[in-house]
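Structure file target.cif; described as mmCIF, C-alpha atoms and all ligand atoms.
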```cif
data_input
loop_
_atom_site.label_atom_id
_atom_site.label_comp_id
_atom_site.auth_asym_id
_atom_site.auth_seq_id
_atom_site.Cartn_x
_atom_site.Cartn_y
_atom_site.Cartn_z
CA MET A 1 18.82 -22.55 25.31
CA LYS A 2 22.06 -22.84 23.43
CA VAL A 3 21.33 -24.83 20.29
CA THR A 4 24.22 -27.12 19.43
CA SER A 5 22.47 -29.49 17.07
CA SER A 6 19.40 -29.46 14.88
CA GLU A 7 18.36 -31.69 12.04
CA ILE A 8 15.28 -32.80 10.19
CA VAL A 9 13.90 -36.13 11.38
CA ILE A 10 11.06 -36.69 8.94
CA SER A 11 8.53 -34.99 6.72
CA ALA A 12 5.29 -36.65 7.74
CA VAL A 13 1.77 -36.58 6.38
CA LYS A 14 0.15 -39.12 8.69
CA PRO A 15 0.42 -40.20 12.34
CA GLU A 16 2.20 -43.50 11.53
CA GLN A 17 5.09 -41.36 10.31
CA TYR A 18 5.42 -39.16 13.39
CA PRO A 19 8.64 -39.91 15.29
CA GLU A 20 8.05 -42.45 18.04
CA THR A 21 9.61 -40.62 20.96
CA ASP A 22 8.22 -38.68 23.87
CA LEU A 23 10.38 -35.59 23.39
CA PRO A 24 8.48 -32.39 24.14
CA GLU A 25 7.20 -30.87 20.93
CA PHE A 26 6.34 -27.38 19.69
CA ALA A 27 4.44 -26.85 16.48
CA LEU A 28 4.99 -23.73 14.39
CA ALA A 29 2.09 -22.28 12.48
CA GLY A 30 1.52 -19.17 10.43
CA ARG A 31 0.18 -17.92 7.18
CA SER A 32 2.37 -18.40 4.12
CA ASN A 33 5.16 -15.87 3.83
CA VAL A 34 4.71 -14.56 7.38
CA GLY A 35 8.32 -15.38 8.27
CA LYS A 36 7.95 -18.84 9.83
CA SER A 37 11.01 -20.40 8.17
CA SER A 38 13.07 -17.36 9.11
CA PHE A 39 11.89 -17.71 12.70
CA ILE A 40 12.88 -21.39 12.82
CA ASN A 41 16.27 -20.75 11.26
CA LYS A 42 16.95 -17.86 13.65
CA MET A 43 15.98 -19.92 16.69
CA LEU A 44 18.24 -22.76 15.54
CA ASN A 45 21.13 -20.56 14.33
CA ARG A 46 20.81 -22.12 10.91
CA LYS A 47 20.65 -20.46 7.54
CA GLY A 48 18.77 -22.83 5.33
CA LEU A 49 17.41 -25.63 7.50
CA ALA A 50 13.78 -24.61 7.25
CA ARG A 51 13.42 -23.57 3.66
CA ILE A 52 12.73 -19.90 3.19
CA SER A 53 9.87 -20.25 0.83
CA SER A 54 10.22 -19.23 -2.75
CA LYS A 55 6.84 -20.81 -3.44
CA PRO A 56 4.46 -20.06 -0.61
CA GLY A 57 2.11 -22.84 0.34
CA LYS A 58 4.24 -25.46 -1.34
CA THR A 59 5.29 -27.56 1.63
CA GLN A 60 2.35 -29.75 2.56
CA THR A 61 4.11 -31.93 5.09
CA LEU A 62 4.71 -31.72 8.81
CA ASN A 63 8.46 -31.30 9.12
CA PHE A 64 9.88 -32.63 12.38
CA TYR A 65 13.20 -31.21 13.58
CA VAL A 66 15.11 -32.58 16.55
CA ILE A 67 17.01 -29.99 18.58
CA ASN A 68 19.88 -30.83 20.95
CA GLU A 69 18.32 -34.32 21.08
CA VAL A 70 15.86 -32.96 23.66
CA LEU A 71 12.94 -31.42 21.82
CA HIS A 72 11.14 -31.28 18.51
CA PHE A 73 10.01 -28.37 16.40
CA VAL A 74 7.23 -29.31 14.00
CA ASP A 75 6.94 -26.99 11.04
CA VAL A 76 3.31 -26.94 9.93
CA PRO A 77 2.65 -25.88 6.32
CA GLY A 78 1.61 -22.26 6.02
CA TYR A 79 -2.07 -21.42 5.70
CA GLY A 80 -3.96 -18.80 3.76
CA TYR A 81 -2.23 -19.21 0.43
CA ALA A 82 -4.79 -18.19 -2.16
CA LYS A 83 -3.64 -20.41 -5.01
CA VAL A 84 -4.30 -23.67 -3.19
CA SER A 85 -7.22 -25.75 -4.45
CA LYS A 86 -10.21 -26.62 -2.28
CA SER A 87 -9.19 -30.25 -2.00
CA GLU A 88 -5.61 -29.33 -1.06
CA ARG A 89 -6.97 -26.97 1.57
CA ALA A 90 -9.19 -29.72 2.97
CA ALA A 91 -6.28 -32.19 3.07
CA TRP A 92 -4.17 -29.57 4.84
CA GLY A 93 -6.93 -28.99 7.41
CA LYS A 94 -7.32 -32.69 8.11
CA MET A 95 -3.58 -33.25 8.51
CA ILE A 96 -3.13 -30.30 10.89
CA GLU A 97 -6.23 -31.12 12.89
CA THR A 98 -5.18 -34.73 13.34
CA TYR A 99 -1.74 -33.69 14.48
CA LEU A 100 -2.81 -30.91 16.83
CA THR A 101 -5.59 -32.86 18.49
CA THR A 102 -3.84 -36.21 18.93
CA ARG A 103 -0.14 -35.59 19.53
CA GLU A 104 0.34 -36.17 23.24
CA GLN A 105 3.74 -34.54 23.64
CA LEU A 106 2.64 -31.32 21.95
CA ARG A 107 3.38 -28.69 24.61
CA ALA A 108 2.40 -25.51 22.79
CA VAL A 109 1.90 -24.00 19.37
CA VAL A 110 4.04 -21.10 18.28
CA GLN A 111 1.81 -19.04 16.02
CA ILE A 112 3.68 -16.51 13.93
CA VAL A 113 1.93 -13.30 12.94
CA ASP A 114 3.16 -10.18 11.17
CA LEU A 115 3.49 -7.32 13.66
CA ARG A 116 2.95 -4.77 10.90
CA HIS A 117 -0.62 -5.82 10.08
CA PRO A 118 -3.65 -6.80 12.12
CA PRO A 119 -4.04 -10.60 12.22
CA SER A 120 -5.82 -11.94 9.12
CA GLU A 121 -9.08 -13.92 9.24
CA ASP A 122 -6.98 -17.06 8.83
CA ASP A 123 -4.79 -16.06 11.78
CA VAL A 124 -7.90 -15.54 13.89
CA MET A 125 -9.34 -18.89 12.79
CA MET A 126 -6.14 -20.71 13.68
CA TYR A 127 -5.97 -19.09 17.10
CA ASP A 128 -9.66 -19.84 17.76
CA PHE A 129 -9.02 -23.45 16.82
CA LEU A 130 -6.11 -23.69 19.25
CA LYS A 131 -8.14 -22.12 22.04
CA HIS A 132 -11.08 -24.42 21.30
CA TYR A 133 -8.79 -27.38 21.95
CA GLU A 134 -7.13 -25.61 24.91
CA ILE A 135 -3.69 -25.82 23.34
CA PRO A 136 -1.25 -23.31 24.89
CA CYS A 137 -0.08 -20.77 22.40
CA ILE A 138 2.88 -18.47 21.99
CA ILE A 139 2.14 -15.65 19.58
CA VAL A 140 5.30 -14.46 17.87
CA ALA A 141 4.78 -11.06 16.28
CA THR A 142 7.60 -10.96 13.79
CA LYS A 143 9.14 -8.42 11.39
CA ALA A 144 9.33 -5.93 14.26
CA ASP A 145 12.38 -4.41 12.57
CA LYS A 146 10.07 -3.17 9.82
CA ILE A 147 8.22 -0.73 12.02
CA PRO A 148 9.52 1.98 14.35
CA LYS A 149 10.00 0.98 17.97
CA GLY A 150 7.59 3.70 19.09
CA LYS A 151 4.76 1.88 17.31
CA TRP A 152 5.39 -1.62 18.66
CA GLN A 153 3.03 -1.39 21.64
CA LYS A 154 0.20 -0.01 19.51
CA HIS A 155 0.62 -2.89 17.02
CA LEU A 156 0.77 -5.47 19.80
CA LYS A 157 -2.45 -4.10 21.24
CA ILE A 158 -4.20 -4.42 17.86
CA THR A 159 -2.88 -7.98 17.57
CA ARG A 160 -4.18 -8.88 21.04
CA GLU A 161 -7.59 -7.37 20.37
CA LYS A 162 -8.08 -8.92 16.95
CA LEU A 163 -7.11 -12.39 18.20
CA ASN A 164 -9.15 -12.06 21.38
CA PHE A 165 -5.89 -13.01 23.05
CA ASP A 166 -6.02 -15.31 26.07
CA GLN A 167 -3.93 -13.78 28.90
CA ASN A 168 -2.66 -17.24 29.84
CA ASP A 169 -0.79 -17.36 26.54
CA HIS A 170 2.41 -15.53 25.68
CA MET A 171 3.02 -12.89 23.05
CA ILE A 172 6.47 -11.78 21.99
CA LEU A 173 7.98 -9.24 19.66
CA PHE A 174 10.38 -10.81 17.23
CA SER A 175 12.70 -10.02 14.37
CA SER A 176 14.57 -12.60 12.37
CA GLU A 177 16.66 -9.73 11.03
CA THR A 178 17.93 -8.45 14.37
CA GLY A 179 17.39 -11.45 16.67
CA LEU A 180 15.01 -9.44 18.85
CA GLY A 181 12.93 -11.78 21.00
CA LYS A 182 15.04 -14.87 20.44
CA ASP A 183 16.19 -15.31 24.04
CA GLN A 184 12.70 -14.59 25.32
CA ALA A 185 11.22 -17.12 22.91
CA TRP A 186 13.63 -19.79 24.15
CA SER A 187 12.88 -19.05 27.82
CA ILE A 188 9.16 -19.39 27.17
CA LEU A 189 9.63 -22.65 25.25
CA GLU A 190 11.83 -24.00 28.05
CA SER A 191 9.13 -23.15 30.59
CA TYR A 192 6.87 -25.63 28.74
CA MET A 193 9.45 -28.45 28.67
P1 LIG B 201 7.41 -18.39 5.54
O1 LIG B 201 6.71 -18.58 4.23
O2 LIG B 201 6.43 -18.06 6.62
O3 LIG B 201 8.33 -19.49 5.93
O4 LIG B 201 8.26 -17.03 5.42
P2 LIG B 201 9.82 -16.80 5.18
O5 LIG B 201 10.59 -17.11 6.41
O6 LIG B 201 10.18 -17.47 3.93
O7 LIG B 201 9.84 -15.21 5.03
C1 LIG B 201 9.13 -14.52 4.04
C2 LIG B 201 9.87 -13.24 3.68
O8 LIG B 201 9.91 -12.35 4.80
C3 LIG B 201 11.33 -13.48 3.30
O9 LIG B 201 11.65 -12.59 2.26
C4 LIG B 201 12.10 -13.15 4.57
O10 LIG B 201 13.41 -12.70 4.32
C5 LIG B 201 11.25 -12.03 5.14
N1 LIG B 201 11.32 -11.99 6.62
C6 LIG B 201 11.05 -12.99 7.47
N2 LIG B 201 11.19 -12.60 8.75
C7 LIG B 201 11.59 -11.31 8.72
C8 LIG B 201 11.92 -10.34 9.75
O11 LIG B 201 11.87 -10.59 10.95
N3 LIG B 201 12.27 -9.09 9.30
C9 LIG B 201 12.32 -8.77 7.98
N4 LIG B 201 12.68 -7.52 7.67
N5 LIG B 201 12.03 -9.66 7.00
C10 LIG B 201 11.67 -10.91 7.36
#
```
Show how you would write the structure in this file as structure tokens.
Amino acid sequence: MKVTSSEIVISAVKPEQYPETDLPEFALAGRSNVGKSSFINKMLNRKGLARISSKPGKTQTLNFYVINEVLHFVDVPGYGYAKVSKSERAAWGKMIETYLTTREQLRAVVQIVDLRHPPSEDDVMMYDFLKHYEIPCIIVATKADKIPKGKWQKHLKITREKLNFDQNDHMILFSSETGLGKDQAWSILESYM
């Protein structure tokens, strides 16, 4: 998809604030600092639309972006940030759960993981949650530019094994630095629209 327009619609914390349209929607999830904002910006050809986090875990809202007037990206606040209090963590969980389990036009979740490291316990928990609710998932293994090409397949295999990856889902190699995987990511998203 050639992105010609993208803008934020709303930062929402509760369902009454979700945009009232039936545009197909993709949520983006990942642990803090994994490279989620960079992924969004790369996909949208924007530099600073999704804020590249200086303070991980800070954004506690669901940020809805409208793209080419035909779909939404929903940026979900990053998980696994250690300095978040128990009550903040609980509020985060409730907000995400409500969104993911009730939003009818949600087509798939793009879960960003770091190709360099095996998925964290939080990554595994998020993926398990998505599979429990039978939500299609696209695993984006980002920061591929940080490891040699010859090691990519080995790292992907570890990622698949640790997540107990469902073969009906997609997994793609990505780099926000080089743009690797961008076209593939768009084709997969379009296949869900
Ligand atoms: P977020 O907290 O998940 O939104 O993560 P950010 O997008 O803010 O990225 C965290 C850090 O990783 C920043 O310093 C980015 O420049 C860097 N980063 C993100 N994606 C990539 C990538 O694909 N390659 C490299 N080399 N660095 C990346």
Compile the contact shell of A:Arg107 as number ranges by chain: residues with an atom at most 7 Å away, counting all atoms listed in the file, same-chain residues fewer than 4 positions apart removed. A: 24-26, 192
Point-to-point distance in Å for atom CA of A:Leu49 and atom CA of A:Leu180: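 Going from atom CA of A:Leu180 over to atom CA of A:Leu49, I get 19.9 Å.
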Any idea what the distance is between atom N3 of ligand LIG 201 (chain B) and atom CA of A:Ser32?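 Going from atom N3 of ligand LIG 201 (chain B) over to atom CA of A:Ser32 covers 14.5 Å.
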Residues up to 7 Å from ligand LIG 201 (chain B), counting only C-alpha atoms and all ligand atoms: could you list those as a PyMOL selection string? chain A and resi 30-39+51-54+56+78+142-146+174-177
Point out the residue among A:Trp152, A:Phe129, A:Phe165, A:Tyr65 with the least atom-to-atom distance to A:Glu97, counting only C-alpha atoms. A:Phe129
Please provide as a list in words all residues within 12 Å of A:Gln60, with the sequence filter that same-chain residues fewer than 2 positions apart are discarded (counting only C-alpha atoms).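 Here the answer would be Ser11, Ala12, Val13, Lys14, Ser32, Lys55, Pro56, Gly57, Lys58, Leu62, Asn63, Asp75, Val76, Pro77, Gly78, Tyr79, Tyr81, Val84, Glu88, Arg89, Ala90, Ala91, Trp92, Gly93, Lys94, Met95 and Ile96 of chain A.
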Exercise: A:Thr159 partners within 12 Å, only C-alpha atoms, chain neighbours under 5 positions left out, as a VMD selection string: chain A and resid 112 to 121 123 to 124 127 139 to 142 152 to 154 164 to 166 171 to 173
Can you tell me, as a PyMOL selection string, what residues are no more than 9 Å from A:Leu189 when counting only C-alpha atoms, ignoring any on the same chain fewer than 2 positions away? chain A and resi 26+107-108+138+184-187+191-193
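Closest approach to A:Gly179 among A:Leu130, A:Leu100, A:Met125, A:Leu44: A:Leu44, based on only C-alpha atoms.
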When you draw a straight line from atom CA of A:Val109 to atom CA of A:Lys42, how long is it in Å? 17.2 Å
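Between A:Ala50 and the residues A:Val110, A:Met126, A:Val70, A:Ile8, the shortest atom-to-atom distance, using only C-alpha atoms, involves A:Ile8.
Among A:His170, A:Leu71, A:Lys182, A:Thr21, the residue with the shortest atom-to-atom distance to A:Asn41, counting all atoms listed in the file, is A:Lys182.
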Residue among A:Lys149, A:Phe64, A:Ile158, A:Thr102 lying closest to A:Pro15, counting only C-alpha atoms: A:Thr102
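Comparing A:Asn68, A:Leu28, A:Glu20, A:Glu104 by their smallest distance to A:Met1, the closest is A:Asn68 (using all atoms listed in the file).
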